[in-house]
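Chemist: Got a structure for you, model.cif, holding mmCIF, C-alpha atoms and all ligand atoms.
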```cif
data_structure
#
loop_
_atom_site.label_atom_id
_atom_site.label_comp_id
_atom_site.auth_asym_id
_atom_site.auth_seq_id
_atom_site.Cartn_x
_atom_site.Cartn_y
_atom_site.Cartn_z
CA MET S 897 2.05 -37.87 75.11
CA ASN S 898 4.53 -40.70 74.47
CA ALA S 899 3.86 -43.85 72.47
CA LEU S 900 5.37 -45.96 75.23
CA GLU S 901 6.42 -45.29 78.79
CA VAL S 902 8.37 -47.83 80.82
CA ASN S 903 8.43 -46.66 84.40
CA ARG S 904 10.68 -48.19 87.08
CA ILE S 905 10.25 -51.75 85.82
CA SER S 906 11.90 -54.48 87.91
CA VAL S 907 11.72 -58.24 87.64
CA ASN S 908 13.12 -61.22 89.55
CA PHE S 909 13.43 -64.78 88.29
CA GLY S 910 13.62 -67.20 91.22
CA GLY S 911 15.09 -64.54 93.48
CA VAL S 912 17.59 -63.32 90.90
CA LYS S 913 17.03 -59.73 89.91
CA VAL S 914 17.13 -59.39 86.12
CA LEU S 915 15.82 -55.83 85.61
CA TYR S 916 16.35 -52.97 88.05
CA ASP S 917 14.15 -49.88 87.97
CA CYS S 918 14.24 -49.57 84.18
CA SER S 919 12.67 -46.36 82.94
CA PHE S 920 12.51 -44.81 79.49
CA SER S 921 9.95 -43.39 77.12
CA VAL S 922 9.60 -43.54 73.36
CA ASP S 923 8.03 -40.72 71.32
CA ILE S 924 5.26 -41.33 68.81
CA GLY S 925 6.87 -42.33 65.50
CA GLU S 926 10.31 -42.69 67.08
CA LYS S 927 12.67 -45.53 66.15
CA ARG S 928 14.44 -46.62 69.32
CA ALA S 929 17.17 -49.24 69.59
CA ILE S 930 17.81 -51.21 72.76
CA ILE S 931 21.37 -52.43 72.71
CA GLY S 932 23.40 -54.34 75.27
CA PRO S 933 25.36 -57.54 75.88
CA ASN S 934 23.94 -61.08 76.09
CA GLY S 935 21.85 -61.59 79.18
CA ALA S 936 21.43 -57.85 79.82
CA GLY S 937 17.64 -58.32 80.05
CA LYS S 938 16.58 -56.99 76.62
CA THR S 939 14.20 -59.82 75.70
CA THR S 940 12.85 -59.84 79.26
CA LEU S 941 12.06 -56.14 78.85
CA PHE S 942 10.17 -56.90 75.60
CA ASN S 943 8.32 -59.75 77.35
CA ILE S 944 7.19 -57.31 80.04
CA ILE S 945 6.16 -54.60 77.55
CA SER S 946 4.19 -57.08 75.44
CA GLY S 947 2.55 -58.76 78.46
CA VAL S 948 4.23 -62.18 78.22
CA ILE S 949 5.58 -61.87 81.77
CA LYS S 950 4.56 -59.70 84.73
CA PRO S 951 7.07 -57.33 86.31
CA THR S 952 7.79 -57.41 90.03
CA GLY S 953 7.45 -53.64 90.15
CA GLY S 954 6.82 -50.61 87.95
CA ASP S 955 4.31 -49.75 85.27
CA ILE S 956 3.91 -49.55 81.49
CA ARG S 957 1.87 -47.00 79.57
CA LEU S 958 0.83 -47.13 75.93
CA PHE S 959 -0.22 -43.72 74.58
CA GLY S 960 -0.76 -42.59 78.17
CA GLN S 961 -2.97 -45.55 79.13
CA GLU S 962 -1.69 -47.81 81.86
CA ILE S 963 -1.49 -51.38 80.54
CA THR S 964 0.64 -53.08 83.23
CA ALA S 965 -2.13 -55.48 84.26
CA TYR S 966 -3.40 -56.17 80.71
CA PRO S 967 -2.88 -59.59 79.12
CA ALA S 968 -0.90 -59.73 75.86
CA HIS S 969 -3.96 -59.93 73.58
CA ARG S 970 -5.44 -56.77 75.08
CA ARG S 971 -2.19 -54.91 74.47
CA ALA S 972 -2.21 -56.21 70.89
CA ALA S 973 -5.76 -54.89 70.46
CA LEU S 974 -4.49 -51.45 71.54
CA GLY S 975 -1.94 -51.52 68.69
CA LEU S 976 1.13 -53.22 70.14
CA ALA S 977 2.82 -55.93 68.02
CA ARG S 978 6.09 -57.82 68.29
CA THR S 979 8.43 -60.33 66.72
CA PHE S 980 10.29 -62.99 68.67
CA GLN S 981 14.02 -63.67 68.92
CA ILE S 982 13.30 -67.29 68.01
CA THR S 983 11.46 -67.73 64.75
CA ASN S 984 7.72 -68.02 64.96
CA LEU S 985 6.76 -69.00 61.38
CA PHE S 986 5.05 -72.12 60.00
CA PRO S 987 7.94 -73.73 58.06
CA ASN S 988 5.83 -76.10 55.97
CA LEU S 989 3.40 -73.45 54.78
CA THR S 990 4.13 -71.01 51.96
CA VAL S 991 4.95 -67.35 52.47
CA LEU S 992 1.42 -66.34 51.47
CA GLU S 993 -0.15 -69.01 53.70
CA ASN S 994 1.85 -67.68 56.66
CA VAL S 995 0.53 -64.17 56.05
CA PHE S 996 -2.97 -65.62 55.61
CA MET S 997 -2.66 -67.31 59.02
CA GLY S 998 -1.64 -63.97 60.49
CA VAL S 999 -4.61 -62.18 58.94
CA GLN S 1000 -6.95 -64.92 60.14
CA ALA S 1001 -5.61 -64.69 63.69
CA LEU S 1002 -6.37 -60.95 63.68
CA THR S 1003 -9.88 -61.32 62.23
CA PRO S 1004 -12.62 -61.33 64.89
CA THR S 1005 -14.25 -64.78 65.04
CA LYS S 1006 -17.74 -63.43 64.30
CA TYR S 1007 -16.59 -62.61 60.75
CA LEU S 1008 -15.22 -66.12 60.31
CA PHE S 1009 -18.57 -67.77 61.02
CA TYR S 1010 -20.43 -65.37 58.83
CA ARG S 1011 -20.33 -66.38 55.15
CA ARG S 1012 -17.25 -68.52 55.32
CA THR S 1013 -16.23 -68.50 51.66
CA SER S 1014 -16.41 -64.76 51.19
CA SER S 1015 -14.57 -64.08 54.44
CA CYS S 1016 -11.80 -66.46 53.30
CA LYS S 1017 -11.52 -64.63 49.99
CA LYS S 1018 -11.32 -61.29 51.79
CA MET S 1019 -8.59 -62.60 54.13
CA LEU S 1020 -6.62 -63.93 51.16
CA GLU S 1021 -6.87 -60.55 49.43
CA ASP S 1022 -5.70 -58.87 52.65
CA ALA S 1023 -2.74 -61.26 52.87
CA GLU S 1024 -1.80 -60.58 49.23
CA SER S 1025 -2.02 -56.82 49.64
CA GLN S 1026 0.23 -56.98 52.70
CA LEU S 1027 2.88 -58.93 50.81
CA LYS S 1028 2.75 -57.10 47.48
CA ASP S 1029 4.71 -54.08 48.65
CA TRP S 1030 7.75 -56.13 49.67
CA ASP S 1031 10.46 -57.94 47.71
CA ILE S 1032 9.43 -61.27 49.21
CA TRP S 1033 6.25 -61.16 47.09
CA ASP S 1034 8.25 -62.98 44.39
CA LYS S 1035 8.52 -65.95 46.76
CA LYS S 1036 4.92 -65.99 47.94
CA ASP S 1037 4.33 -69.60 46.86
CA GLN S 1038 7.54 -71.01 48.33
CA GLN S 1039 7.56 -72.98 51.55
CA VAL S 1040 9.01 -70.92 54.37
CA ARG S 1041 11.57 -73.61 55.23
CA ASN S 1042 13.16 -73.06 51.80
CA LEU S 1043 13.66 -69.33 52.37
CA SER S 1044 16.97 -67.89 53.50
CA HIS S 1045 17.29 -66.84 57.11
CA GLY S 1046 17.15 -63.20 56.01
CA GLU S 1047 13.93 -63.75 54.06
CA GLN S 1048 12.37 -65.46 57.08
CA ARG S 1049 13.25 -62.42 59.20
CA GLN S 1050 11.64 -60.16 56.61
CA LEU S 1051 8.49 -62.27 56.69
CA GLU S 1052 8.35 -62.07 60.48
CA ILE S 1053 8.44 -58.28 60.25
CA ILE S 1054 5.64 -58.29 57.66
CA LEU S 1055 3.58 -60.50 59.99
CA ALA S 1056 4.17 -58.15 62.92
CA LEU S 1057 2.91 -55.28 60.72
CA SER S 1058 -0.16 -57.25 59.67
CA GLY S 1059 -2.63 -55.63 62.05
CA LYS S 1060 -1.32 -52.11 61.28
CA PRO S 1061 0.11 -51.72 64.79
CA LYS S 1062 0.97 -48.34 66.26
CA VAL S 1063 3.96 -49.68 68.19
CA VAL S 1064 6.13 -52.59 67.00
CA LEU S 1065 8.75 -54.42 69.05
CA LEU S 1066 11.39 -56.27 67.01
CA ASP S 1067 13.61 -58.65 68.96
CA GLU S 1068 16.95 -58.84 67.11
CA PRO S 1069 15.65 -58.66 63.54
CA THR S 1070 19.21 -59.12 62.20
CA GLN S 1071 20.40 -61.86 64.58
CA GLY S 1072 22.29 -64.62 62.80
CA LEU S 1073 22.15 -62.82 59.45
CA SER S 1074 25.10 -62.39 57.11
CA PRO S 1075 26.13 -58.79 56.33
CA ALA S 1076 24.41 -59.17 52.92
CA GLU S 1077 21.15 -60.32 54.54
CA THR S 1078 21.37 -57.58 57.17
CA ALA S 1079 21.71 -55.11 54.31
CA LEU S 1080 18.26 -56.22 53.10
CA VAL S 1081 16.51 -56.13 56.47
CA VAL S 1082 17.73 -52.66 57.49
CA PRO S 1083 16.14 -50.74 54.58
CA MET S 1084 13.00 -52.78 55.07
CA ILE S 1085 12.68 -51.56 58.67
CA ASN S 1086 13.43 -48.05 57.45
CA ARG S 1087 10.53 -48.34 54.96
CA ILE S 1088 7.91 -49.04 57.62
CA ASP S 1089 5.29 -46.27 57.79
CA PRO S 1090 7.05 -43.41 59.64
CA SER S 1091 4.09 -42.88 61.97
CA THR S 1092 4.72 -46.36 63.42
CA THR S 1093 6.75 -46.34 66.62
CA ILE S 1094 9.49 -48.97 66.49
CA LEU S 1095 11.43 -50.39 69.40
CA PHE S 1096 14.08 -52.89 68.33
CA ILE S 1097 16.81 -54.93 69.98
CA GLU S 1098 20.11 -54.99 68.14
CA HIS S 1099 23.57 -56.26 68.99
CA ASP S 1100 25.50 -54.44 66.33
CA MET S 1101 25.81 -50.77 67.23
CA ASP S 1102 26.43 -49.76 63.61
CA VAL S 1103 23.20 -51.46 62.52
CA ALA S 1104 21.34 -49.79 65.40
CA PHE S 1105 22.56 -46.36 64.27
CA LYS S 1106 21.33 -46.98 60.70
CA ILE S 1107 17.75 -47.29 61.95
CA ALA S 1108 17.36 -45.60 65.32
CA ASP S 1109 16.65 -41.98 66.21
CA ARG S 1110 17.84 -42.74 69.74
CA ILE S 1111 19.48 -45.64 71.52
CA SER S 1112 19.09 -46.99 75.05
CA VAL S 1113 21.92 -49.14 76.36
CA LEU S 1114 20.86 -51.89 78.76
CA TYR S 1115 23.62 -53.38 80.86
CA GLN S 1116 23.17 -55.88 83.70
CA GLY S 1117 19.47 -55.10 83.98
CA ARG S 1118 19.81 -51.31 84.09
CA ILE S 1119 19.57 -48.56 81.51
CA LEU S 1120 23.18 -47.41 81.43
CA VAL S 1121 22.75 -44.50 79.06
CA GLU S 1122 20.35 -43.19 76.43
CA GLY S 1123 20.89 -40.79 73.56
CA THR S 1124 21.51 -40.01 69.90
CA GLU S 1125 24.27 -41.58 67.81
CA SER S 1126 26.87 -38.95 68.74
CA GLN S 1127 25.97 -39.12 72.43
CA ILE S 1128 26.30 -42.91 72.46
CA ARG S 1129 29.47 -43.01 70.35
CA GLY S 1130 31.12 -40.50 72.62
CA ASN S 1131 30.12 -42.19 75.87
CA ARG S 1132 32.96 -43.69 77.88
CA GLU S 1133 30.80 -46.18 79.84
CA VAL S 1134 29.30 -47.56 76.61
CA ALA S 1135 32.76 -47.96 75.10
CA GLU S 1136 33.86 -49.92 78.18
CA VAL S 1137 30.83 -52.23 78.04
CA TYR S 1138 31.30 -52.88 74.33
CA LEU S 1139 35.06 -53.35 74.51
CA GLY S 1140 34.49 -55.94 77.21
CA MET S 1141 31.91 -57.79 75.11
CA GLY S 1142 33.93 -59.12 72.20
CA ASP S 1143 32.18 -60.54 69.15
CA HIS S 1144 29.97 -62.91 71.13
CA HIS S 1145 27.30 -63.29 68.46
CA ALA S 1146 29.57 -64.52 65.68
N1 LIG S 1201 12.03 -67.23 82.31
C1 LIG S 1201 13.23 -67.06 82.88
N2 LIG S 1201 13.55 -67.70 84.05
C2 LIG S 1201 14.74 -67.53 84.65
N3 LIG S 1201 15.71 -66.73 84.15
C3 LIG S 1201 15.46 -66.07 83.00
C4 LIG S 1201 14.22 -66.22 82.29
N4 LIG S 1201 14.26 -65.45 81.18
C5 LIG S 1201 15.48 -64.87 81.18
N5 LIG S 1201 16.19 -65.22 82.26
C6 LIG S 1201 17.55 -64.74 82.62
O1 LIG S 1201 17.46 -63.33 82.65
C7 LIG S 1201 18.64 -62.74 82.11
C8 LIG S 1201 18.25 -61.82 80.96
O2 LIG S 1201 17.80 -62.60 79.88
P1 LIG S 1201 17.29 -61.98 78.51
O3 LIG S 1201 16.87 -63.08 77.64
O4 LIG S 1201 16.29 -60.93 78.81
O5 LIG S 1201 18.62 -61.28 77.96
P2 LIG S 1201 18.93 -60.60 76.56
O6 LIG S 1201 19.50 -59.26 76.85
O7 LIG S 1201 17.74 -60.67 75.66
O8 LIG S 1201 20.10 -61.54 76.00
P3 LIG S 1201 20.46 -62.03 74.50
O9 LIG S 1201 21.27 -60.92 73.93
O10 LIG S 1201 21.25 -63.25 74.70
O11 LIG S 1201 19.18 -62.26 73.75
C9 LIG S 1201 19.54 -63.88 81.72
O12 LIG S 1201 20.45 -64.10 82.76
C10 LIG S 1201 18.59 -65.04 81.56
O13 LIG S 1201 19.24 -66.27 81.82
MG MG S 1202 17.35 -61.55 73.88
#
```
Let me see the file written as structure tokens.

Modeler:
Amino acid sequence: MNALEVNRISVNFGGVKVLYDCSFSVDIGEKRAIIGPNGAGKTTLFNIISGVIKPTGGDIRLFGQEITAYPAHRRAALGLARTFQITNLFPNLTVLENVFMGVQALTPTKYLFYRRTSSCKKMLEDAESQLKDWDIWDKKDQQVRNLSHGEQRQLEIILALSGKPKVVLLDEPTQGLSPAETALVVPMINRIDPSTTILFIEHDMDVAFKIADRISVLYQGRILVEGTESQIRGNREVAEVYLGMGDHHA
């Protein structure tokens, strides 16, 4: 059984085809990078997998169960979590308060009504225990807007891990980061529990290779090629796509 199966997914926006028959599967515990130029359809693919938008055709399976018709919250309840390309944090709250909000959002409402004070204390303890393992713990009382971009990205990843998901989708966790900040985020992703399946979008091929077991290259809405580092590095079509791209994210 695979953690995730994407089977012949297509989508149109206003008559324009953005994804064409995209198929791939990700093993349990695998780290898979999706790379490809701007506008290739990477975020759209994540939106379809997480249930934010409906595909025109094809199906999605999570641990063998078909989830194509499920709303996003039902997919989340089955263990699927994600981060967004555009930051999704509360800038005026502290680091710890942001994690607290995440824990609260994942706590079933019946526990919130029941003994309010003790459930708050429990959620705060949960939030603290989720932060303690990471470097950002030192900044737990700082407002998020005062963190560096790299620290904000780290916090987003911690929030995505909050509900102990089985599959995590990270949409460009290193986008806009300096090389020094990227050098902090990469080991953090590599420290995530190895049983967690990770699917991440990355522009920089070298960064993708530092994390991924395998890479899928998306180009103009199609999976161009898929493979290990040596297979991707040696692929002529990939070289052509990347030579044509330039440093568009600088
Ligand atoms: N909701 C939408 N309505 C119409 N067109 C859309 C919508 N979302 C995305 N698109 C278009 O679909 C194409 C793929 O967009 P998408 O955001 O998936 O690309 P991407 O690979 O994530 O790019 P980037 O590297 O810039 O993040 C683009 O041409 C984009 O303009
Ligand atoms: Mg994108």

Chemist: Within 7 Å of ligand LIG 1201 (chain S), counting all atoms listed in the file, which protein or nucleic acid residues do you find, written as number ranges by chain?

Modeler: S: 909-910, 914, 932-941

Chemist: Within 7 Å of Val907 in chain S, counting all atoms listed in the file, which residues show up once you throw out same-chain ones fewer than 5 positions away? Write them as a list in words, please.

Modeler: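 Once the adjacent positions are removed, what remains is Lys913, Val914, Leu915, Pro951, Thr952 and Gly953 of chain S.
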
Chemist: Residues near Ile905 in chain S, anyone? I mean within 12 Å using only C-alpha atoms, not counting same-chain ones fewer than 3 positions away, as JSON, numbers by chain.

Modeler: {"S": [901, 902, 908, 913, 914, 915, 916, 917, 918, 919, 920, 937, 940, 941, 942, 943, 944, 945, 949, 950, 951, 952, 953, 954, 955, 956, 957, 964, 1117, 1118, 1119]}

Chemist: Using all atoms listed in the file, which protein or nucleic acid residues come within 9 Å of Val922 in chain S? Drop anything in the same chain fewer than 3 positions from it, and give the result as an MDAnalysis selection string.

Modeler: chainID S and resid 898:902 925:928 1093:1095

Chemist: When distances are computed from only C-alpha atoms and all ligand atoms, which of S:Asn984, S:Gln1026, S:Gln1071, S:Asn1042 shows the smallest separation from ligand MG 1202 (chain S)?

Modeler: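 Closest to ligand MG 1202 (chain S), using only C-alpha atoms and all ligand atoms: S:Gln1071.
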
Chemist: Hey, what's within 9 Å of Pro967 in chain S if we count all atoms listed in the file and toss same-chain stuff fewer than 6 positions away? As an mmCIF file with C-alpha atoms, in the frame of the given file, please?

Modeler:
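Written file, out.cif:
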```
data_model
loop_
_atom_site.group_PDB
_atom_site.id
_atom_site.type_symbol
_atom_site.label_atom_id
_atom_site.label_comp_id
_atom_site.auth_asym_id
_atom_site.auth_seq_id
_atom_site.Cartn_x
_atom_site.Cartn_y
_atom_site.Cartn_z
ATOM 1 C CA SER S 946 4.190 -57.080 75.440
ATOM 2 C CA GLY S 947 2.550 -58.760 78.460
ATOM 3 C CA VAL S 948 4.230 -62.180 78.220
#
```

Chemist: One decimal, in Å: what's the spacing between CA of Ile963 in chain S and CA of Ser906 in chain S?

Modeler: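 For CA of Ile963 in chain S relative to CA of Ser906 in chain S, the distance reads 15.6 Å.
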
Chemist: Have a look at CA of Asp1029 in chain S and CA of Arg1041 in chain S and let me know their distance in Å, one decimal.

Modeler: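 Rounded to one decimal, the two atoms are 21.7 Å apart.
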
Chemist: Check the smallest atom-to-atom distance from each of S:Phe996, S:Ile1107, S:Val1137, S:Glu1122 to Arg1087 in chain S using all atoms listed in the file, then report the winner.

Modeler: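 The closest residue to Arg1087 in chain S is S:Ile1107.
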
Chemist: Could you jot down the CA of Lys1036 in chain S to CA of Leu1057 in chain S separation for me, Å, one decimal place?

Modeler: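 So the answer is 16.8 Å.
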
Chemist: From the list S:Val1082, S:Ala1135, S:Ile930, S:Val912, which residue is nearest Gln1050 in chain S when using all atoms listed in the file?

Modeler: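 Distance minimum relative to Gln1050 in chain S lands on S:Val1082.
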
Chemist: With only C-alpha atoms as the basis for distance, which of S:Ile931, S:Ser1025, S:Val999, S:Val1063 is at the shortest distance from Ala1104 in chain S?

Modeler: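 Checking each of S:Ile931, S:Ser1025, S:Val999, S:Val1063 against Ala1104 in chain S, counting only C-alpha atoms, the winner is S:Ile931.
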
Chemist: Which residue out of S:Phe959, S:Asp1022, S:Gln1048, S:Pro1004 has the minimum interatomic distance to Arg971 in chain S when all atoms listed in the file are used?

Modeler: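 Distance minimum relative to Arg971 in chain S lands on S:Phe959.
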
Chemist: What's around Glu1052 in chain S at 12 Å? Count all atoms listed in the file, leave out sequence neighbours fewer than 4 positions away in its own chain, and write the answer as a short mmCIF file (atom, residue, chain, number, x, y, z; two decimals) with C-alpha atoms, in the coordinates of the input.

Modeler:
```
data_model
loop_
_atom_site.label_atom_id
_atom_site.label_comp_id
_atom_site.auth_asym_id
_atom_site.auth_seq_id
_atom_site.Cartn_x
_atom_site.Cartn_y
_atom_site.Cartn_z
CA ALA S 977 2.82 -55.93 68.02
CA ARG S 978 6.09 -57.82 68.29
CA THR S 979 8.43 -60.33 66.72
CA PHE S 980 10.29 -62.99 68.67
CA GLN S 981 14.02 -63.67 68.92
CA ILE S 982 13.30 -67.29 68.01
CA THR S 983 11.46 -67.73 64.75
CA ASN S 984 7.72 -68.02 64.96
CA LEU S 985 6.76 -69.00 61.38
CA PHE S 986 5.05 -72.12 60.00
CA PRO S 987 7.94 -73.73 58.06
CA VAL S 991 4.95 -67.35 52.47
CA ASN S 994 1.85 -67.68 56.66
CA VAL S 995 0.53 -64.17 56.05
CA GLY S 998 -1.64 -63.97 60.49
CA LEU S 1027 2.88 -58.93 50.81
CA ILE S 1032 9.43 -61.27 49.21
CA VAL S 1040 9.01 -70.92 54.37
CA HIS S 1045 17.29 -66.84 57.11
CA GLY S 1046 17.15 -63.20 56.01
CA GLU S 1047 13.93 -63.75 54.06
CA GLN S 1048 12.37 -65.46 57.08
CA ALA S 1056 4.17 -58.15 62.92
CA LEU S 1057 2.91 -55.28 60.72
CA SER S 1058 -0.16 -57.25 59.67
CA VAL S 1064 6.13 -52.59 67.00
CA LEU S 1065 8.75 -54.42 69.05
CA LEU S 1066 11.39 -56.27 67.01
CA ASP S 1067 13.61 -58.65 68.96
CA GLU S 1068 16.95 -58.84 67.11
CA PRO S 1069 15.65 -58.66 63.54
CA THR S 1070 19.21 -59.12 62.20
CA VAL S 1081 16.51 -56.13 56.47
CA MET S 1084 13.00 -52.78 55.07
CA ILE S 1085 12.68 -51.56 58.67
#
```

Chemist: Pick the closest to ligand MG 1202 (chain S) from S:Leu1139, S:Ile924, S:Ile1128, S:Ile1097: which is it, counting all atoms listed in the file?

Modeler: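 Looking at the shortest contact to ligand MG 1202 (chain S), the residue is S:Ile1097.
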